[in-house]
file protein-v8.txt (compact mmCIF, C-alpha atoms and all ligand atoms)
# COMPACT_ATOMS: atom_id res chain seq x y z
CA MET A 42 -13.59 -153.61 -19.83
CA ASN A 43 -15.88 -155.78 -21.99
CA SER A 44 -18.00 -152.83 -22.96
CA THR A 45 -15.16 -151.39 -25.04
CA THR A 46 -14.91 -154.50 -27.20
CA SER A 47 -16.87 -153.77 -30.34
CA ALA A 48 -17.97 -157.37 -30.89
CA LEU A 49 -19.67 -157.47 -27.49
CA ARG A 50 -21.54 -154.21 -27.83
CA PRO A 51 -25.16 -154.81 -28.80
CA VAL A 52 -26.93 -152.78 -31.48
CA ARG A 53 -29.61 -150.66 -29.83
CA CYS A 54 -32.31 -148.60 -31.50
CA GLN A 55 -34.12 -146.81 -28.65
CA TYR A 56 -33.91 -143.44 -30.43
CA GLU A 57 -35.06 -144.76 -33.80
CA THR A 58 -37.98 -146.64 -32.17
CA PHE A 59 -38.96 -143.40 -30.42
CA MET A 60 -38.72 -141.38 -33.64
CA ARG A 61 -40.80 -143.99 -35.52
CA HIS A 62 -43.43 -144.02 -32.76
CA VAL A 63 -43.92 -140.26 -32.89
CA PHE A 64 -43.80 -140.18 -36.69
CA GLU A 65 -46.50 -142.88 -36.93
CA HIS A 66 -48.71 -141.99 -33.96
CA GLY A 67 -48.10 -138.31 -33.22
CA ALA A 68 -50.94 -135.77 -33.19
CA SER A 69 -50.72 -132.72 -35.44
CA LYS A 70 -50.12 -129.57 -33.41
CA THR A 71 -49.27 -125.95 -34.08
CA ASP A 72 -46.35 -124.53 -32.09
CA ARG A 73 -44.66 -121.32 -30.98
CA THR A 74 -42.31 -121.23 -33.98
CA GLY A 75 -45.15 -121.43 -36.53
CA THR A 76 -43.63 -124.57 -38.12
CA GLY A 77 -46.13 -127.18 -36.92
CA THR A 78 -45.27 -130.58 -35.45
CA ARG A 79 -46.35 -134.17 -35.04
CA SER A 80 -46.29 -134.78 -31.28
CA VAL A 81 -46.67 -137.36 -28.49
CA PHE A 82 -46.90 -136.42 -24.81
CA GLY A 83 -44.70 -138.50 -22.50
CA TYR A 84 -42.02 -141.02 -23.52
CA GLN A 85 -39.07 -142.70 -21.84
CA MET A 86 -35.81 -144.24 -23.11
CA ARG A 87 -33.17 -146.06 -21.04
CA PHE A 88 -29.51 -146.26 -22.10
CA ASN A 89 -27.17 -148.63 -20.27
CA LEU A 90 -23.96 -146.60 -20.46
CA ASN A 91 -21.90 -149.79 -20.09
CA GLU A 92 -23.14 -150.92 -23.50
CA GLY A 93 -21.44 -148.01 -25.22
CA PHE A 94 -21.75 -144.24 -25.52
CA PRO A 95 -25.26 -143.36 -26.82
CA LEU A 96 -24.36 -141.27 -29.83
CA VAL A 97 -27.00 -141.75 -32.54
CA THR A 98 -25.53 -143.78 -35.44
CA THR A 99 -28.29 -143.47 -38.09
CA LYS A 100 -26.88 -140.02 -38.97
CA LYS A 101 -23.55 -138.38 -38.20
CA VAL A 102 -23.92 -136.37 -34.99
CA HIS A 103 -21.56 -133.45 -34.43
CA LEU A 104 -20.03 -134.38 -31.09
CA LYS A 105 -17.77 -131.34 -30.97
CA SER A 106 -20.76 -129.01 -30.54
CA ILE A 107 -22.18 -131.28 -27.83
CA ILE A 108 -18.95 -131.34 -25.80
CA LEU A 109 -18.44 -127.59 -26.15
CA GLU A 110 -22.04 -126.83 -25.17
CA LEU A 111 -21.74 -128.98 -22.02
CA LEU A 112 -18.42 -127.34 -21.02
CA TRP A 113 -20.08 -123.97 -21.63
CA PHE A 114 -22.98 -124.89 -19.28
CA LEU A 115 -20.46 -126.04 -16.66
CA ARG A 116 -18.63 -122.69 -16.93
CA GLY A 117 -21.87 -121.05 -15.82
CA ASP A 118 -21.76 -119.11 -19.08
CA SER A 119 -24.82 -117.67 -20.82
CA ASN A 120 -23.16 -115.67 -23.59
CA VAL A 121 -22.58 -117.29 -27.01
CA LYS A 122 -19.17 -115.60 -27.43
CA TRP A 123 -17.21 -118.48 -25.83
CA LEU A 124 -19.01 -120.98 -28.09
CA GLN A 125 -18.52 -118.88 -31.22
CA GLU A 126 -14.79 -118.50 -30.53
CA ARG A 127 -14.62 -122.30 -30.69
CA GLY A 128 -16.66 -122.61 -33.89
CA CYS A 129 -19.95 -123.66 -32.27
CA THR A 130 -22.95 -121.76 -33.61
CA ILE A 131 -25.91 -123.80 -32.31
CA TRP A 132 -27.11 -121.05 -29.93
CA ASP A 133 -26.63 -118.06 -32.28
CA GLU A 134 -30.25 -117.71 -33.38
CA TRP A 135 -31.45 -117.05 -29.83
CA ALA A 136 -28.70 -114.71 -28.64
CA ASP A 137 -28.88 -110.92 -28.47
CA LYS A 138 -27.40 -109.74 -31.79
CA GLU A 139 -25.21 -107.06 -30.11
CA THR A 140 -24.14 -108.58 -26.79
CA GLY A 141 -24.42 -112.33 -27.50
CA ASP A 142 -26.36 -112.74 -24.28
CA LEU A 143 -29.12 -115.31 -23.64
CA GLY A 144 -30.26 -114.23 -20.19
CA PRO A 145 -30.08 -116.51 -17.12
CA VAL A 146 -30.24 -119.84 -19.05
CA TYR A 147 -28.85 -123.29 -18.14
CA GLY A 148 -25.30 -122.35 -17.11
CA VAL A 149 -26.45 -119.58 -14.81
CA GLN A 150 -29.08 -121.73 -13.07
CA TRP A 151 -26.74 -124.75 -12.78
CA ARG A 152 -23.87 -122.79 -11.23
CA SER A 153 -25.43 -119.74 -9.61
CA TRP A 154 -29.13 -120.10 -8.86
CA PRO A 155 -29.95 -116.83 -7.08
CA LYS A 156 -31.26 -116.91 -3.52
CA ALA A 157 -33.53 -114.32 -1.97
CA ASP A 158 -30.69 -113.14 0.32
CA GLY A 159 -28.45 -112.21 -2.64
CA THR A 160 -26.17 -115.28 -2.46
CA HIS A 161 -26.13 -118.06 -5.07
CA ILE A 162 -26.32 -121.85 -5.14
CA ASP A 163 -23.86 -123.89 -7.22
CA GLN A 164 -26.10 -126.89 -7.95
CA ILE A 165 -23.34 -128.83 -9.77
CA ALA A 166 -20.85 -128.46 -6.89
CA GLU A 167 -23.64 -129.60 -4.55
CA VAL A 168 -24.24 -132.70 -6.69
CA VAL A 169 -20.55 -133.68 -6.48
CA LYS A 170 -20.59 -133.11 -2.72
CA GLN A 171 -23.73 -135.20 -2.27
CA LEU A 172 -22.53 -138.03 -4.51
CA LYS A 173 -19.39 -138.28 -2.38
CA SER A 174 -20.96 -137.86 1.06
CA SER A 175 -24.44 -139.35 0.69
CA PRO A 176 -24.75 -141.36 -2.52
CA ASP A 177 -27.99 -142.98 -1.29
CA SER A 178 -29.70 -139.61 -1.08
CA ARG A 179 -32.94 -139.23 -3.03
CA ARG A 180 -32.41 -135.51 -3.33
CA ILE A 181 -29.48 -135.28 -5.77
CA ILE A 182 -31.16 -132.94 -8.21
CA VAL A 183 -30.36 -130.05 -10.53
CA SER A 184 -33.14 -127.78 -11.78
CA ALA A 185 -32.81 -125.23 -14.55
CA TRP A 186 -36.51 -124.37 -14.26
CA ASN A 187 -36.24 -121.19 -12.20
CA VAL A 188 -39.82 -119.98 -12.39
CA ALA A 189 -38.98 -116.48 -11.21
CA GLU A 190 -36.47 -115.90 -14.04
CA LEU A 191 -38.19 -117.64 -16.98
CA ASP A 192 -39.27 -114.33 -18.48
CA GLN A 193 -35.64 -113.13 -18.71
CA MET A 194 -34.44 -116.20 -20.63
CA ALA A 195 -34.00 -116.15 -24.44
CA LEU A 196 -35.47 -119.68 -24.45
CA MET A 197 -36.99 -121.43 -21.46
CA PRO A 198 -35.04 -124.56 -20.44
CA CYS A 199 -36.00 -127.64 -22.43
CA HIS A 200 -33.84 -130.08 -20.47
CA SER A 201 -35.17 -128.72 -17.23
CA PHE A 202 -34.66 -131.10 -14.32
CA PHE A 203 -32.28 -134.00 -13.64
CA GLN A 204 -31.58 -136.40 -10.81
CA PHE A 205 -28.68 -138.70 -9.95
CA TYR A 206 -28.88 -142.13 -8.31
CA VAL A 207 -26.18 -144.50 -7.06
CA ALA A 208 -26.58 -148.27 -6.57
CA ASP A 209 -23.94 -151.03 -6.63
CA GLY A 210 -21.24 -148.42 -7.17
CA LYS A 211 -22.86 -147.23 -10.41
CA LEU A 212 -24.06 -143.71 -11.16
CA SER A 213 -27.32 -143.25 -13.05
CA CYS A 214 -28.98 -140.07 -14.25
CA GLN A 215 -32.55 -139.29 -15.23
CA LEU A 216 -33.47 -136.18 -17.18
CA TYR A 217 -36.88 -134.60 -17.60
CA GLN A 218 -37.04 -132.74 -20.91
CA ARG A 219 -40.29 -130.76 -21.15
CA SER A 220 -40.02 -130.16 -24.90
CA ALA A 221 -38.08 -132.30 -27.36
CA ASP A 222 -37.16 -131.60 -31.00
CA ILE A 223 -36.66 -135.26 -31.89
CA PHE A 224 -34.66 -134.80 -35.09
CA LEU A 225 -32.22 -132.02 -34.10
CA GLY A 226 -32.27 -131.59 -30.32
CA VAL A 227 -32.67 -135.07 -28.82
CA PRO A 228 -29.45 -136.66 -30.21
CA PHE A 229 -27.59 -133.71 -28.65
CA ASN A 230 -29.44 -133.97 -25.35
CA ILE A 231 -28.87 -137.73 -24.92
CA ALA A 232 -25.15 -137.49 -25.66
CA SER A 233 -24.72 -134.42 -23.47
CA TYR A 234 -26.24 -136.00 -20.36
CA ALA A 235 -24.47 -139.31 -21.01
CA LEU A 236 -21.21 -137.34 -21.11
CA LEU A 237 -22.04 -135.46 -17.91
CA THR A 238 -22.82 -138.77 -16.18
CA HIS A 239 -19.42 -140.19 -17.25
CA MET A 240 -17.64 -137.05 -15.98
CA LEU A 241 -19.40 -137.08 -12.61
CA ALA A 242 -18.75 -140.83 -12.22
CA GLN A 243 -15.05 -140.25 -12.88
CA GLN A 244 -14.93 -137.42 -10.33
CA CYS A 245 -16.72 -139.48 -7.68
CA ASP A 246 -14.91 -142.80 -8.31
CA LEU A 247 -18.08 -144.52 -9.47
CA HIS A 248 -18.85 -146.68 -12.49
CA VAL A 249 -21.58 -145.57 -14.89
CA GLY A 250 -25.08 -147.04 -14.76
CA ASP A 251 -28.07 -145.96 -16.86
CA PHE A 252 -29.08 -142.69 -18.46
CA ILE A 253 -32.85 -142.38 -18.50
CA TRP A 254 -34.37 -139.82 -20.84
CA THR A 255 -37.92 -138.74 -20.08
CA GLY A 256 -39.72 -136.41 -22.46
CA GLY A 257 -42.83 -134.21 -22.19
CA ASP A 258 -43.98 -132.77 -25.54
CA CYS A 259 -41.99 -134.99 -27.93
CA HIS A 260 -42.28 -133.65 -31.46
CA ILE A 261 -41.07 -133.93 -35.02
CA TYR A 262 -41.25 -130.62 -36.89
CA ASN A 263 -43.25 -130.75 -40.12
CA ASN A 264 -40.21 -129.57 -42.10
CA HIS A 265 -38.16 -132.56 -40.82
CA PHE A 266 -40.42 -135.30 -42.23
CA GLU A 267 -38.23 -136.07 -45.24
CA GLN A 268 -35.11 -136.25 -43.07
CA VAL A 269 -36.91 -138.55 -40.63
CA GLN A 270 -37.95 -140.92 -43.44
CA THR A 271 -34.36 -141.04 -44.69
CA GLN A 272 -33.08 -141.76 -41.20
CA LEU A 273 -35.68 -144.43 -40.39
CA ALA A 274 -34.74 -146.37 -43.53
CA ARG A 275 -31.23 -146.91 -42.10
CA GLN A 276 -29.96 -149.71 -39.85
CA PRO A 277 -28.29 -148.57 -36.62
CA PHE A 278 -24.74 -149.63 -35.68
CA ALA A 279 -23.42 -150.51 -32.22
CA TYR A 280 -22.69 -147.40 -30.14
CA PRO A 281 -19.13 -146.10 -29.96
CA THR A 282 -17.22 -145.88 -26.66
CA LEU A 283 -16.10 -142.81 -24.75
CA ASN A 284 -12.57 -142.35 -23.47
CA ILE A 285 -11.78 -139.57 -21.01
CA LYS A 286 -8.03 -139.17 -21.33
CA ARG A 287 -7.34 -137.43 -18.02
CA LYS A 288 -8.93 -136.98 -14.60
CA PRO A 289 -9.09 -133.26 -13.88
CA ASP A 290 -9.05 -132.01 -10.27
CA SER A 291 -12.71 -131.07 -10.37
CA ILE A 292 -15.87 -131.36 -12.45
CA PHE A 293 -15.10 -127.82 -13.64
CA GLY A 294 -11.61 -128.68 -14.93
CA TYR A 295 -12.47 -130.56 -18.14
CA GLU A 296 -11.34 -129.34 -21.55
CA TYR A 297 -12.50 -130.24 -25.04
CA GLU A 298 -9.29 -132.21 -25.71
CA ASP A 299 -9.93 -134.53 -22.75
CA PHE A 300 -12.59 -136.49 -24.64
CA GLU A 301 -12.39 -138.98 -27.45
CA VAL A 302 -15.01 -141.22 -28.95
CA LEU A 303 -13.74 -144.51 -30.35
CA ASP A 304 -15.30 -146.77 -33.00
CA TYR A 305 -18.04 -144.32 -34.02
CA GLN A 306 -19.63 -146.08 -36.96
CA HIS A 307 -22.36 -143.90 -38.45
CA HIS A 308 -24.43 -143.14 -41.52
CA ALA A 309 -24.06 -139.81 -43.38
CA GLY A 310 -25.18 -136.55 -41.78
CA ILE A 311 -28.65 -135.22 -42.66
CA LYS A 312 -29.17 -131.48 -42.89
CA ALA A 313 -32.25 -129.79 -41.42
CA THR A 314 -33.43 -126.32 -40.54
CA VAL A 315 -33.80 -125.46 -36.87
CA ALA A 316 -37.14 -123.92 -35.83
CA VAL A 317 -36.48 -120.62 -34.03
N1 LIG A 401 -36.13 -125.94 -32.43
C1 LIG A 401 -35.08 -126.09 -31.63
N2 LIG A 401 -34.51 -127.31 -31.52
C2 LIG A 401 -33.44 -127.50 -30.71
O1 LIG A 401 -32.94 -128.63 -30.65
C3 LIG A 401 -32.94 -126.39 -29.95
C4 LIG A 401 -33.57 -125.14 -30.08
N3 LIG A 401 -34.62 -125.02 -30.93
N4 LIG A 401 -33.12 -124.05 -29.41
C5 LIG A 401 -32.06 -124.14 -28.45
C6 LIG A 401 -31.16 -125.28 -28.63
C7 LIG A 401 -30.10 -125.17 -29.67
N5 LIG A 401 -29.94 -126.57 -30.07
C8 LIG A 401 -29.56 -126.94 -31.35
C9 LIG A 401 -29.51 -125.99 -32.35
C10 LIG A 401 -29.12 -126.36 -33.62
C11 LIG A 401 -28.78 -127.67 -33.88
C12 LIG A 401 -28.33 -128.03 -35.28
O2 LIG A 401 -28.50 -127.28 -36.19
N6 LIG A 401 -27.70 -129.17 -35.44
C13 LIG A 401 -27.19 -129.61 -36.73
C14 LIG A 401 -25.80 -129.07 -36.95
C15 LIG A 401 -24.86 -129.29 -35.81
C16 LIG A 401 -23.61 -128.42 -35.83
O3 LIG A 401 -23.34 -127.73 -36.81
O4 LIG A 401 -22.87 -128.46 -34.84
C17 LIG A 401 -27.24 -131.13 -36.76
O5 LIG A 401 -27.22 -131.67 -37.88
O6 LIG A 401 -27.30 -131.77 -35.71
C18 LIG A 401 -28.81 -128.62 -32.86
C19 LIG A 401 -29.21 -128.25 -31.61
C20 LIG A 401 -30.80 -127.41 -29.29
N7 LIG A 401 -31.87 -126.49 -29.05
O1 LIG A 402 -31.78 -128.79 -25.68
C1 LIG A 402 -32.79 -128.55 -26.34
C2 LIG A 402 -33.27 -127.27 -26.50
C3 LIG A 402 -34.38 -127.07 -27.24
N1 LIG A 402 -35.03 -128.10 -27.81
C4 LIG A 402 -36.22 -127.80 -28.65
C5 LIG A 402 -37.56 -128.25 -28.19
C6 LIG A 402 -38.49 -127.30 -28.94
O2 LIG A 402 -38.62 -127.76 -30.28
C7 LIG A 402 -37.71 -125.99 -28.94
C8 LIG A 402 -38.09 -125.08 -27.80
O3 LIG A 402 -39.33 -124.50 -28.03
P1 LIG A 402 -40.42 -124.28 -26.85
O4 LIG A 402 -41.57 -123.62 -27.53
O5 LIG A 402 -39.78 -123.42 -25.82
O6 LIG A 402 -40.78 -125.64 -26.31
O7 LIG A 402 -36.36 -126.39 -28.78
C9 LIG A 402 -34.57 -129.39 -27.67
O8 LIG A 402 -35.13 -130.35 -28.20
N2 LIG A 402 -33.46 -129.58 -26.92
call {"tool": "encode", "arguments": {"input": "protein-v8.txt", "output": "structure tokens", "more": "lines below"}}
Ligand SMILES: Nc1nc(=O)c2c([nH]1)NC[C@@H]1CN(c3ccc(C(=O)N[C@@H](CCC(=O)O)C(=O)O)cc3)CN21
Ligand SMILES: O=c1ccn([C@H]2C[C@H](O)[C@@H](COP(=O)(O)O)O2)c(=O)[nH]1
result
Amino acid sequence: MNSTTSALRPVRCQYETFMRHVFEHGASKTDRTGTGTRSVFGYQMRFNLNEGFPLVTTKKVHLKSIILELLWFLRGDSNVKWLQERGCTIWDEWADKETGDLGPVYGVQWRSWPKADGTHIDQIAEVVKQLKSSPDSRRIIVSAWNVAELDQMALMPCHSFFQFYVADGKLSCQLYQRSADIFLGVPFNIASYALLTHMLAQQCDLHVGDFIWTGGDCHIYNNHFEQVQTQLARQPFAYPTLNIKRKPDSIFGYEYEDFEVLDYQHHAGIKATVAV
């Protein structure tokens, strides 16, 4: 495919343009964590997944954590133990210190949204079923925003609601993220949903289309300003490409080793503190 040829992949800077916009025009706001932010309400970015895999290049992004976190969601897991056993610590700060539990967060809502009659809905299995049987449906949606259970969650879902769309044999995905930590969270969120779109396309014999990221409260934490200035002084590279080495029997059969990212040209990593 042309899209895998480095010379033909364009250099895109949607994320950097977004970051610059919020840095230059954001309003000062206090926030739950006590850190303070610069914030803009409402923003949208579109990534054509045929132009490459949207992994931010203006700093090194730790893809291993992103893949593991997505596989952990797809397991329906909500305990950090499985992540920790694999060296991923990104959820540690929010977990119960003794049990490792986070309450009914993403994985639980995706795979076993509770119904009033005591049964559960597997929203991901339903998506696969719908994409295969009625790809033109306008109802192919997953919601993590379970209003009745928000008070039991360690952190309310940030990437809360997503929809799939098929046209011309290509699968697109749009995410609504109600709250977006632009420096630390958003590079993870974009790559994670791009990856999920590739996996679902493979399972449903579709090509990939666009990933559309829509944000609500889009903020840069006040203690990330120096990092942001460093990052914005850099020139982006063309995106890498994603190779999925095997086609598992189901969307739930993927393993970490099934994924490889090729030609990831990036600038050095930039350390920052996460607001808890
Ligand atoms: N304030 C805040 N921002 C977030 O992005 C965020 C939360 N809280 N809470 C829940 C999850 C956890 N997420 C996180 C947490 C930490 C990193 C982080 O520290 N990333 C570093 C190191 C990555 C690694 O070691 O794997 C980075 O440089 O990207 C990223 C996303 C995303 N979410
Ligand atoms: O996937 C994620 C998870 C979390 N975030 C960020 C967004 C906010 O900075 C915090 C959550 O705080 P709230 O007060 O609940 O909004 O975490 C993210 O960007 N991506």
call {"tool": "closest_atom_pairs", "arguments": {"input": "protein-v8.txt", "of": "chain A", "to": "ligand LIG 401 (chain A)", "cutoff": "6 Å", "atoms": "all atoms listed in the file", "output": "CSV"}}
result
residue,atom,partner,partner_atom,distance
A:Val102,CA,A:LIG401,O6,5.8
A:His103,CA,A:LIG401,O4,5.2
A:Ser106,CA,A:LIG401,O4,4.8
A:Ile131,CA,A:LIG401,C9,4.2
A:Trp132,CA,A:LIG401,C7,5.1
A:Asp222,CA,A:LIG401,N2,5.1
A:Leu225,CA,A:LIG401,O1,4.9
A:Gly226,CA,A:LIG401,O1,3.1
A:Lys312,CA,A:LIG401,O5,5.4
A:Val315,CA,A:LIG401,N1,5.0
A:Ala316,CA,A:LIG401,N1,4.1
A:Val317,CA,A:LIG401,N1,5.6
call {"tool": "residues_near_ligand", "arguments": {"input": "protein-v8.txt", "ligand": "ligand LIG 402 (chain A)", "cutoff": "7 Å", "atoms": "only C-alpha atoms and all ligand atoms", "output": "ChimeraX atom specification"}}
result
/A:72-74,196-200,220-223,225-227,230,316
call {"tool": "closest_residue", "arguments": {"input": "protein-v8.txt", "among": "A:Ser119, A:Gln268, A:Thr98, A:Gln85", "to": "Cys54 (chain A)", "atoms": "all atoms listed in the file"}}
result
A:Thr98
call {"tool": "residues_near_point", "arguments": {"input": "protein-v8.txt", "point": "(-25.4, -121.6, -29.6)", "cutoff": "9 Å", "atoms": "all atoms listed in the file", "output": "PyMOL selection string"}}
result
chain A and resi 106+110+120-122+124-125+129-136
call {"tool": "residues_near_point", "arguments": {"input": "protein-v8.txt", "point": "(-30.2, -130.4, -15.0)", "cutoff": "12 Å", "atoms": "all atoms listed in the file", "output": "PyMOL selection string"}}
result
chain A and resi 111+114-115+146-152+163-165+168+181-187+198-205+214-219+230+233-234+237-238+254
call {"tool": "atom_distance", "arguments": {"input": "protein-v8.txt", "atom1": "CA of Trp154 (chain A)", "atom2": "CA of Arg127 (chain A)"}}
result
26.3 Å
call {"tool": "closest_residue", "arguments": {"input": "protein-v8.txt", "among": "A:Ser213, A:Thr314, A:Ser291, A:Ser178", "to": "Phe266 (chain A)", "atoms": "all atoms listed in the file"}}
result
A:Thr314
call {"tool": "atom_distance", "arguments": {"input": "protein-v8.txt", "atom1": "CA of Phe278 (chain A)", "atom2": "CA of Ile261 (chain A)"}}
result
22.7 Å
call {"tool": "atom_distance", "arguments": {"input": "protein-v8.txt", "atom1": "CA of Gly250 (chain A)", "atom2": "CA of Glu298 (chain A)"}}
result
24.3 Å
call {"tool": "closest_residue", "arguments": {"input": "protein-v8.txt", "among": "A:Asp258, A:Asp137, A:Glu92, A:Glu167", "to": "Ser80 (chain A)", "atoms": "only C-alpha atoms"}}
result
A:Asp258
call {"tool": "residues_around", "arguments": {"input": "protein-v8.txt", "residues": "Thr76 (chain A)", "least_positions_apart": "5", "cutoff": "8 Å", "atoms": "all atoms listed in the file", "output": "PyMOL selection string"}}
result
chain A and resi 71+262-264+316
call {"tool": "closest_residue", "arguments": {"input": "protein-v8.txt", "among": "A:Val207, A:Ala279, A:Pro95, A:Leu143", "to": "Leu49 (chain A)", "atoms": "all atoms listed in the file"}}
result
A:Ala279
call {"tool": "decode", "arguments": {"input": "protein-v8.txt", "residues": "region 169-177 of chain A", "atoms": "all heavy atoms", "output": "compact mmCIF listing (two decimals), in the first residue's frame"}}
result
# COMPACT_ATOMS: atom_id res chain seq x y z
N VAL A 169 -18.82 -5.07 16.91
CA VAL A 169 -18.32 -6.00 15.88
C VAL A 169 -19.52 -6.58 15.11
O VAL A 169 -19.52 -6.62 13.88
CB VAL A 169 -17.46 -7.12 16.50
CG1 VAL A 169 -17.07 -8.16 15.46
CG2 VAL A 169 -16.22 -6.52 17.16
N LYS A 170 -20.53 -6.99 15.86
CA LYS A 170 -21.73 -7.57 15.25
C LYS A 170 -22.39 -6.57 14.30
O LYS A 170 -22.74 -6.88 13.17
CB LYS A 170 -22.72 -7.96 16.36
CG LYS A 170 -23.24 -9.39 16.25
CD LYS A 170 -24.34 -9.67 17.25
CE LYS A 170 -23.81 -10.13 18.60
NZ LYS A 170 -24.87 -10.27 19.62
N GLN A 171 -22.53 -5.34 14.77
CA GLN A 171 -23.18 -4.31 13.94
C GLN A 171 -22.36 -3.97 12.71
O GLN A 171 -22.90 -3.77 11.63
CB GLN A 171 -23.41 -3.04 14.76
CG GLN A 171 -24.50 -3.14 15.80
CD GLN A 171 -24.68 -1.80 16.50
OE1 GLN A 171 -25.36 -0.90 16.02
NE2 GLN A 171 -24.04 -1.65 17.64
N LEU A 172 -21.03 -3.86 12.88
CA LEU A 172 -20.18 -3.51 11.74
C LEU A 172 -20.29 -4.58 10.65
O LEU A 172 -20.22 -4.27 9.46
CB LEU A 172 -18.71 -3.35 12.16
CG LEU A 172 -18.38 -2.10 12.98
CD1 LEU A 172 -16.93 -2.14 13.44
CD2 LEU A 172 -18.64 -0.83 12.14
N LYS A 173 -20.47 -5.84 11.07
CA LYS A 173 -20.58 -6.92 10.09
C LYS A 173 -21.97 -7.00 9.49
O LYS A 173 -22.12 -7.24 8.29
CB LYS A 173 -20.22 -8.27 10.75
CG LYS A 173 -18.73 -8.40 11.03
CD LYS A 173 -18.39 -9.72 11.70
CE LYS A 173 -16.88 -9.86 11.88
NZ LYS A 173 -16.54 -10.99 12.76
N SER A 174 -23.01 -6.79 10.30
CA SER A 174 -24.37 -7.01 9.80
C SER A 174 -25.04 -5.74 9.27
O SER A 174 -25.85 -5.81 8.36
CB SER A 174 -25.24 -7.64 10.89
OG SER A 174 -25.37 -6.72 11.95
N SER A 175 -24.73 -4.60 9.84
CA SER A 175 -25.36 -3.36 9.37
C SER A 175 -24.39 -2.18 9.43
O SER A 175 -24.55 -1.27 10.24
CB SER A 175 -26.64 -3.06 10.16
OG SER A 175 -26.38 -3.12 11.53
N PRO A 176 -23.38 -2.23 8.55
CA PRO A 176 -22.34 -1.19 8.58
C PRO A 176 -22.87 0.22 8.34
O PRO A 176 -22.20 1.19 8.70
CB PRO A 176 -21.37 -1.63 7.49
CG PRO A 176 -22.13 -2.59 6.63
CD PRO A 176 -23.12 -3.24 7.51
N ASP A 177 -24.05 0.35 7.72
CA ASP A 177 -24.60 1.70 7.49
C ASP A 177 -25.35 2.24 8.70
O ASP A 177 -25.85 3.38 8.67
CB ASP A 177 -25.55 1.68 6.28
CG ASP A 177 -24.77 1.60 4.97
OD1 ASP A 177 -23.62 2.09 4.95
OD2 ASP A 177 -25.30 1.05 4.00
